[in-house]
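**Q** Here you go, work.cif (mmCIF, C-alpha atoms):
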```cif
data_coords
#
loop_
_atom_site.label_atom_id
_atom_site.label_comp_id
_atom_site.auth_asym_id
_atom_site.auth_seq_id
_atom_site.Cartn_x
_atom_site.Cartn_y
_atom_site.Cartn_z
CA MET T 1 35.00 -62.09 -8.92
CA THR T 2 34.69 -60.08 -12.12
CA LEU T 3 35.36 -56.35 -11.81
CA PRO T 4 33.97 -54.83 -15.03
CA MET T 5 35.22 -51.42 -16.09
CA SER T 6 32.46 -48.88 -16.46
CA PRO T 7 32.13 -46.95 -19.76
CA ALA T 8 32.82 -43.71 -17.85
CA LEU T 9 36.09 -45.03 -16.46
CA ARG T 10 37.10 -46.41 -19.87
CA ARG T 11 36.58 -42.94 -21.37
CA LEU T 12 38.83 -41.50 -18.68
CA ILE T 13 41.56 -44.10 -19.08
CA GLY T 14 41.95 -43.87 -22.85
CA PRO T 15 43.24 -40.27 -23.09
CA VAL T 16 45.70 -40.71 -20.20
CA LEU T 17 47.48 -43.73 -21.64
CA ALA T 18 50.35 -41.72 -23.11
CA LEU T 19 50.68 -39.85 -19.84
CA ALA T 20 50.66 -43.09 -17.92
CA VAL T 21 53.48 -44.49 -20.06
CA VAL T 22 55.65 -41.55 -19.01
CA LEU T 23 54.68 -41.80 -15.35
CA VAL T 24 55.20 -45.55 -15.05
CA LEU T 25 58.78 -45.28 -16.23
CA SER T 26 59.48 -44.29 -12.65
CA GLY T 27 57.05 -46.79 -11.14
CA CYS T 28 54.47 -44.12 -10.32
CA TYR T 29 51.72 -44.64 -7.78
CA LEU T 30 49.21 -41.83 -7.31
CA PRO T 31 48.13 -41.33 -3.66
CA ASP T 32 44.45 -40.62 -3.06
CA ARG T 33 41.89 -40.63 -0.23
CA PHE T 34 44.66 -40.84 2.34
CA LYS T 35 45.69 -39.86 5.84
CA LEU T 36 49.42 -39.36 6.41
CA ASP T 37 50.70 -38.88 9.97
CA MET T 38 54.30 -38.06 10.82
CA ASN T 39 55.93 -37.53 14.21
CA ILE T 40 59.50 -36.18 14.22
CA ASP T 41 61.23 -35.30 17.46
CA LYS T 42 64.22 -33.02 17.94
CA SER T 43 66.63 -35.97 18.11
CA GLY T 44 65.72 -36.97 14.54
CA LYS T 45 63.57 -39.97 15.45
CA TYR T 46 60.46 -40.22 13.33
CA ALA T 47 57.34 -42.30 12.81
CA PHE T 48 55.56 -42.30 9.44
CA ILE T 49 52.07 -43.77 8.91
CA TYR T 50 50.19 -43.71 5.60
CA GLU T 51 46.66 -45.09 5.30
CA GLY T 52 44.82 -44.67 2.02
CA ASP T 53 44.82 -45.55 -1.68
CA LEU T 54 47.59 -45.90 -4.24
CA VAL T 55 46.71 -46.09 -7.96
CA ALA T 56 49.22 -48.14 -9.99
CA PHE T 57 49.53 -46.33 -13.31
CA ASN T 58 51.22 -49.16 -15.18
CA PHE T 59 48.36 -51.47 -14.28
CA LEU T 60 45.85 -48.78 -15.29
CA ARG T 61 47.57 -48.40 -18.65
CA LYS T 62 47.36 -52.14 -19.31
CA ILE T 63 43.66 -52.18 -18.44
CA GLY T 64 43.03 -49.29 -20.81
CA GLN T 65 44.89 -51.01 -23.65
CA ASN T 66 43.01 -54.27 -23.04
CA GLU T 67 46.28 -56.04 -22.25
CA VAL T 68 44.84 -57.34 -18.98
CA ARG T 69 41.52 -57.39 -17.19
CA ALA T 70 41.01 -55.34 -14.04
CA ASP T 71 40.41 -58.60 -12.15
CA ASP T 72 43.44 -60.46 -13.54
CA THR T 73 44.80 -62.16 -10.43
CA ASP T 74 48.36 -62.45 -11.76
CA GLU T 75 48.51 -58.76 -12.61
CA ILE T 76 46.98 -57.78 -9.28
CA ALA T 77 49.68 -59.79 -7.55
CA VAL T 78 52.47 -58.04 -9.48
CA TYR T 79 51.74 -54.70 -7.83
CA GLU T 80 50.95 -56.20 -4.47
CA GLN T 81 54.38 -57.81 -4.51
CA ASP T 82 56.01 -54.62 -5.79
CA LEU T 83 54.65 -52.65 -2.86
CA LYS T 84 55.39 -55.38 -0.34
CA ARG T 85 59.07 -55.33 -1.29
CA ASP T 86 59.10 -52.55 1.28
CA SER T 87 58.42 -54.23 4.63
CA GLY T 88 56.72 -51.06 5.84
CA PHE T 89 53.56 -52.06 3.94
CA GLU T 90 51.48 -53.86 6.57
CA GLU T 91 48.34 -54.10 4.44
CA VAL T 92 47.82 -54.07 0.67
CA THR T 93 44.26 -54.74 -0.53
CA TYR T 94 43.12 -54.55 -4.15
CA LEU T 95 39.97 -52.44 -4.64
CA GLY T 96 39.64 -52.73 -8.43
CA GLN T 97 40.64 -50.57 -11.44
CA ALA T 98 44.35 -50.55 -10.46
CA ARG T 99 43.60 -49.05 -7.04
CA TYR T 100 45.06 -50.51 -3.83
CA ARG T 101 44.14 -49.65 -0.27
CA VAL T 102 47.30 -49.72 1.84
CA LYS T 103 48.59 -49.23 5.34
CA TYR T 104 52.25 -48.31 5.69
CA LYS T 105 54.34 -47.74 8.80
CA ARG T 106 57.97 -46.85 9.28
CA GLN T 107 60.08 -45.77 12.25
CA SER T 108 63.68 -44.62 12.01
CA ASN T 109 66.08 -41.78 12.78
CA ILE T 110 66.83 -39.28 10.01
CA VAL T 111 70.04 -38.14 11.72
CA GLU T 112 71.49 -41.63 12.13
CA ARG T 113 70.10 -43.63 9.22
CA GLY T 114 69.76 -41.33 6.24
CA ASN T 115 66.97 -40.07 4.01
CA PHE T 116 63.56 -41.65 3.48
CA SER T 117 61.17 -41.47 0.50
CA PHE T 118 57.61 -42.76 0.13
CA VAL T 119 56.44 -44.46 -2.13
CA ARG T 120 59.67 -44.89 -4.10
CA ARG T 121 63.01 -43.13 -4.04
CA ASN T 122 62.80 -42.45 -7.79
CA ALA T 123 59.13 -41.39 -7.61
CA PRO T 124 58.51 -39.96 -4.14
CA PHE T 125 55.26 -38.59 -2.80
CA MET T 126 56.86 -37.52 0.49
CA THR T 127 60.51 -37.26 1.49
CA ILE T 128 62.28 -36.76 4.82
CA LYS T 129 65.88 -35.75 4.29
CA ARG T 130 68.80 -34.19 6.12
CA GLY T 131 70.91 -31.72 4.16
CA GLU T 132 74.59 -30.95 4.38
CA ASP T 133 73.62 -27.94 6.49
CA GLY T 134 72.24 -30.32 9.12
CA LEU T 135 68.65 -29.19 8.67
CA VAL T 136 65.85 -31.73 8.23
CA ARG T 137 63.40 -31.04 5.42
CA ILE T 138 60.04 -32.70 4.92
CA GLU T 139 58.98 -32.18 1.31
CA GLY T 140 56.15 -33.41 -0.86
CA ASP T 141 56.52 -34.06 -4.58
CA LYS T 142 54.21 -34.34 -7.60
CA PRO T 143 54.33 -34.59 -11.41
CA ASN T 144 55.13 -31.44 -13.37
CA LYS T 145 52.35 -29.04 -14.40
CA GLN T 146 51.70 -30.60 -17.81
CA TYR T 147 51.09 -34.03 -16.32
CA ARG T 148 49.09 -32.61 -13.40
CA ASP T 149 46.79 -30.77 -15.81
CA GLU T 150 46.28 -33.95 -17.83
CA LEU T 151 45.53 -36.01 -14.72
CA VAL T 152 42.96 -33.56 -13.39
CA ALA T 153 41.35 -33.10 -16.82
CA LYS T 154 40.86 -36.85 -17.12
CA GLY T 155 39.42 -37.32 -13.65
CA PHE T 156 42.45 -38.31 -11.58
CA ASP T 157 43.39 -36.25 -8.54
CA THR T 158 44.85 -36.47 -5.05
CA ARG T 159 42.90 -35.82 -1.86
CA GLY T 160 43.90 -36.39 1.71
CA VAL T 161 45.36 -34.88 4.85
CA VAL T 162 48.96 -34.66 6.07
CA ARG T 163 49.60 -34.12 9.78
CA LEU T 164 53.01 -33.67 11.36
CA TRP T 165 53.87 -33.40 15.05
CA THR T 166 57.27 -32.16 16.24
CA ASN T 167 58.94 -30.71 19.34
CA ALA T 168 61.90 -29.49 17.26
CA ARG T 169 62.44 -25.86 16.28
CA VAL T 170 60.74 -25.21 12.93
CA LEU T 171 62.36 -22.66 10.64
CA ASP T 172 59.72 -22.51 7.93
CA HIS T 173 56.65 -24.34 6.65
CA ASN T 174 53.62 -23.93 4.39
CA ALA T 175 51.07 -25.76 6.55
CA SER T 176 47.47 -24.58 6.30
CA GLN T 177 46.97 -24.99 10.05
CA VAL T 178 49.26 -24.94 13.10
CA ILE T 179 48.08 -26.20 16.48
CA GLN T 180 50.47 -25.07 19.20
CA GLY T 181 51.48 -27.55 21.87
CA ASN T 182 54.23 -29.90 22.89
CA PRO T 183 54.60 -31.28 20.32
CA THR T 184 53.17 -28.71 17.90
CA GLN T 185 50.97 -30.06 15.10
CA TYR T 186 51.17 -28.93 11.46
CA VAL T 187 48.31 -29.78 9.10
CA TRP T 188 48.02 -29.74 5.30
CA ASP T 189 44.53 -30.30 3.84
CA ILE T 190 45.11 -31.70 0.35
CA GLN T 191 42.17 -31.19 -2.02
CA SER T 192 44.01 -31.40 -5.34
CA ILE T 193 47.31 -32.41 -6.87
CA GLN T 194 47.49 -28.81 -8.10
CA GLN T 195 48.05 -27.45 -4.58
CA PRO T 196 51.54 -26.58 -3.31
CA THR T 197 53.15 -29.67 -1.83
CA PRO T 198 53.77 -29.81 1.94
CA LYS T 199 57.09 -28.36 3.08
CA LEU T 200 58.62 -27.96 6.52
CA THR T 201 62.19 -27.35 7.72
CA LEU T 202 63.29 -28.15 11.26
CA VAL T 203 66.47 -28.07 13.32
CA PRO T 204 67.42 -31.42 14.91
CA GLU T 205 69.41 -31.49 18.13
CA GLY T 206 70.81 -34.97 17.60
#
```
As a first step, turn the structure in this file into structure tokens.
**A**
Amino acid sequence: MTLPMSPALRRLIGPVLALAVVLVLSGCYLPDRFKLDMNIDKSGKYAFIYEGDLVAFNFLRKIGQNEVRADDTDEIAVYEQDLKRDSGFEEVTYLGQARYRVKYKRQSNIVERGNFSFVRRNAPFMTIKRGEDGLVRIEGDKPNKQYRDELVAKGFDTRGVVRLWTNARVLDHNASQVIQGNPTQYVWDIQSIQQPTPKLTLVPEG
């Protein structure tokens, strides 16, 4: 099936090509229209579920430079396979214009098995890590201000919700909403890539 690129999208893609070249050096995928749920207990066990879109910037660059078509099956497969190198991707569906709808799940223990980054270690959107001080930190990441400004100006942004449940003692966080309970829920409503990234520090007992 042919997936033609609209004139409006072509106008957006052209000016961000140079930006995309920089971003794709680290294999960048831009999250969008997502729901991210994390559950971390005081022993360090965690579950991580991401459902939403990922935009592959290298693919987008090639479309904009007329190197490939948006419906090129070989090119579509390249990024499907790249994502599926991580067995946590249960579903990867191409939506068109370098955008993939994905479902990702991972369960592990941050105390026993080391740090975790999504989507890529060298280009993370969200990281769970344990420091030398023993504290566990959940931290979001994003491009620097120059690249963020360019993305937003050209029509690319990030929207979604991050929810984290934990029964561990939390030292600090920047959640927009806290729902007390056992476990307590922390919520970040993401309306733009320009917002502060989610951050939370907890004390594991494991």
**Q** Taking all atoms listed in the file into account, produce a table as a tab-separated table in which each residue of stretch 29-146 of chain T with an atom at most 6 Å from an atom of stretch 162-171 of chain T appears once, together with its shortest atom pair and the distance in Å to one decimal, ordered by chain and rising number.
**A**
```
residue	atom	partner	partner_atom	distance
T:Leu36	CA	T:Val162	CA	4.7
T:Asp37	CA	T:Arg163	CA	4.9
T:Met38	CA	T:Leu164	CA	4.6
T:Asn39	CA	T:Trp165	CA	4.7
T:Ile40	CA	T:Thr166	CA	5.0
T:Asp41	CA	T:Thr166	CA	5.2
T:Lys42	CA	T:Ala168	CA	4.3
```
**Q** May I have the residues within 8 Å of stretch 50-56 of chain T as an NGL selection string, using only C-alpha atoms and disregarding those fewer than 5 positions away in the same chain?
**A** :T and (28-37 or 79 or 98-105)
**Q** Taking the file as shown, what set of residues would the PyMOL selection byres ((chain T and resi 127) around 7) give back, as an NGL selection string?
**A** :T and (116-118 or 124-126 or 128-129 or 138-140)
**Q** Take the PyMOL selection byres ((chain T and resi 89) around 9), apply it to the structure above, and return the hits as an NGL selection string.
**A** :T and (83-88 or 90-92 or 102-106)
**Q** Could you write out as JSON the box around stretch 82-91 of chain T (axis-aligned, all atoms listed in the file, 3 Å on each side), with centre and edge lengths in Å to one decimal?
**A**
```
{"center_x": 53.7, "center_y": -53.2, "center_z": 0.4, "size_x": 16.8, "size_y": 10.3, "size_z": 18.4}
```
**Q** For atom CA of T:Tyr186 and atom CA of T:Arg113, determine how far apart the two atoms are, in Å to one decimal place.
**A**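 Result for atom CA of T:Tyr186 versus atom CA of T:Arg113: 24.1 Å, one decimal.
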**Q** Please, what distance in Å, to one decimal, runs between atom CA of T:Lys45 and atom CA of T:Pro196?
**A**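 Taking atom CA of T:Lys45 as the start and atom CA of T:Pro196 as the end point, the length is 26.0 Å.
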**Q** Which residues, named as in the file, does the PyMOL selection byres ((chain T and resi 112) around 12) pick out? Answer as a list in words.
**A**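 Expected selection for the PyMOL selection byres ((chain T and resi 112) around 12) here is Ser43, Gly44, Lys45, Tyr46, Ser108, Asn109, Ile110, Val111, Arg113, Gly114, Asn115, Phe116, Lys129, Arg130, Gly134, Pro204, Glu205 and Gly206 of chain T.
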**Q** Between atom CA of T:Ala47 and atom CA of T:Asp189, measure the distance and give it in Å to one decimal.
**A**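 These two atoms are separated by 19.7 Å.
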**Q** Generate the missing atoms of stretch 29-46 of chain T up to N, CA and C atoms and report them as a PDB file, keeping the file's coordinate frame.
**A**
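Wrote out.pdb, looks like this:
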```pdb
ATOM      1  N   TYR T  29      52.978 -44.370  -8.454  1.00  0.00           N
ATOM      2  CA  TYR T  29      51.720 -44.640  -7.780  1.00  0.00           C
ATOM      3  C   TYR T  29      51.135 -43.299  -7.360  1.00  0.00           C
ATOM      4  N   LEU T  30      49.869 -43.081  -7.659  1.00  0.00           N
ATOM      5  CA  LEU T  30      49.210 -41.830  -7.310  1.00  0.00           C
ATOM      6  C   LEU T  30      48.470 -41.994  -5.987  1.00  0.00           C
ATOM      7  N   PRO T  31      48.851 -41.250  -4.945  1.00  0.00           N
ATOM      8  CA  PRO T  31      48.130 -41.330  -3.660  1.00  0.00           C
ATOM      9  C   PRO T  31      46.756 -40.672  -3.781  1.00  0.00           C
ATOM     10  N   ASP T  32      45.790 -41.205  -3.059  1.00  0.00           N
ATOM     11  CA  ASP T  32      44.450 -40.620  -3.060  1.00  0.00           C
ATOM     12  C   ASP T  32      43.714 -41.105  -1.816  1.00  0.00           C
ATOM     13  N   ARG T  33      42.763 -40.286  -1.360  1.00  0.00           N
ATOM     14  CA  ARG T  33      41.890 -40.630  -0.230  1.00  0.00           C
ATOM     15  C   ARG T  33      42.729 -41.153   0.945  1.00  0.00           C
ATOM     16  N   PHE T  34      43.679 -40.357   1.367  1.00  0.00           N
ATOM     17  CA  PHE T  34      44.660 -40.840   2.340  1.00  0.00           C
ATOM     18  C   PHE T  34      44.715 -39.967   3.592  1.00  0.00           C
ATOM     19  N   LYS T  35      45.299 -40.558   4.620  1.00  0.00           N
ATOM     20  CA  LYS T  35      45.690 -39.860   5.840  1.00  0.00           C
ATOM     21  C   LYS T  35      47.153 -40.198   6.084  1.00  0.00           C
ATOM     22  N   LEU T  36      47.996 -39.178   6.170  1.00  0.00           N
ATOM     23  CA  LEU T  36      49.420 -39.360   6.410  1.00  0.00           C
ATOM     24  C   LEU T  36      49.798 -38.660   7.706  1.00  0.00           C
ATOM     25  N   ASP T  37      50.281 -39.422   8.684  1.00  0.00           N
ATOM     26  CA  ASP T  37      50.700 -38.880   9.970  1.00  0.00           C
ATOM     27  C   ASP T  37      52.192 -39.074  10.147  1.00  0.00           C
ATOM     28  N   MET T  38      52.878 -38.000  10.536  1.00  0.00           N
ATOM     29  CA  MET T  38      54.300 -38.060  10.820  1.00  0.00           C
ATOM     30  C   MET T  38      54.576 -37.441  12.186  1.00  0.00           C
ATOM     31  N   ASN T  39      55.475 -38.057  12.921  1.00  0.00           N
ATOM     32  CA  ASN T  39      55.930 -37.530  14.210  1.00  0.00           C
ATOM     33  C   ASN T  39      57.445 -37.505  14.170  1.00  0.00           C
ATOM     34  N   ILE T  40      58.037 -36.319  14.280  1.00  0.00           N
ATOM     35  CA  ILE T  40      59.500 -36.180  14.220  1.00  0.00           C
ATOM     36  C   ILE T  40      59.950 -35.407  15.445  1.00  0.00           C
ATOM     37  N   ASP T  41      60.784 -36.029  16.286  1.00  0.00           N
ATOM     38  CA  ASP T  41      61.230 -35.300  17.460  1.00  0.00           C
ATOM     39  C   ASP T  41      62.583 -34.637  17.196  1.00  0.00           C
ATOM     40  N   LYS T  42      63.024 -33.841  18.153  1.00  0.00           N
ATOM     41  CA  LYS T  42      64.220 -33.020  17.940  1.00  0.00           C
ATOM     42  C   LYS T  42      65.503 -33.835  17.885  1.00  0.00           C
ATOM     43  N   SER T  43      65.446 -35.118  18.246  1.00  0.00           N
ATOM     44  CA  SER T  43      66.630 -35.970  18.110  1.00  0.00           C
ATOM     45  C   SER T  43      66.756 -36.558  16.714  1.00  0.00           C
ATOM     46  N   GLY T  44      65.721 -36.402  15.889  1.00  0.00           N
ATOM     47  CA  GLY T  44      65.720 -36.970  14.540  1.00  0.00           C
ATOM     48  C   GLY T  44      64.913 -38.242  14.417  1.00  0.00           C
ATOM     49  N   LYS T  45      64.415 -38.776  15.528  1.00  0.00           N
ATOM     50  CA  LYS T  45      63.570 -39.970  15.450  1.00  0.00           C
ATOM     51  C   LYS T  45      62.231 -39.601  14.813  1.00  0.00           C
ATOM     52  N   TYR T  46      61.739 -40.510  13.964  1.00  0.00           N
ATOM     53  CA  TYR T  46      60.460 -40.220  13.330  1.00  0.00           C
ATOM     54  C   TYR T  46      59.614 -41.482  13.187  1.00  0.00           C
TER      55      TYR T  46
END
```
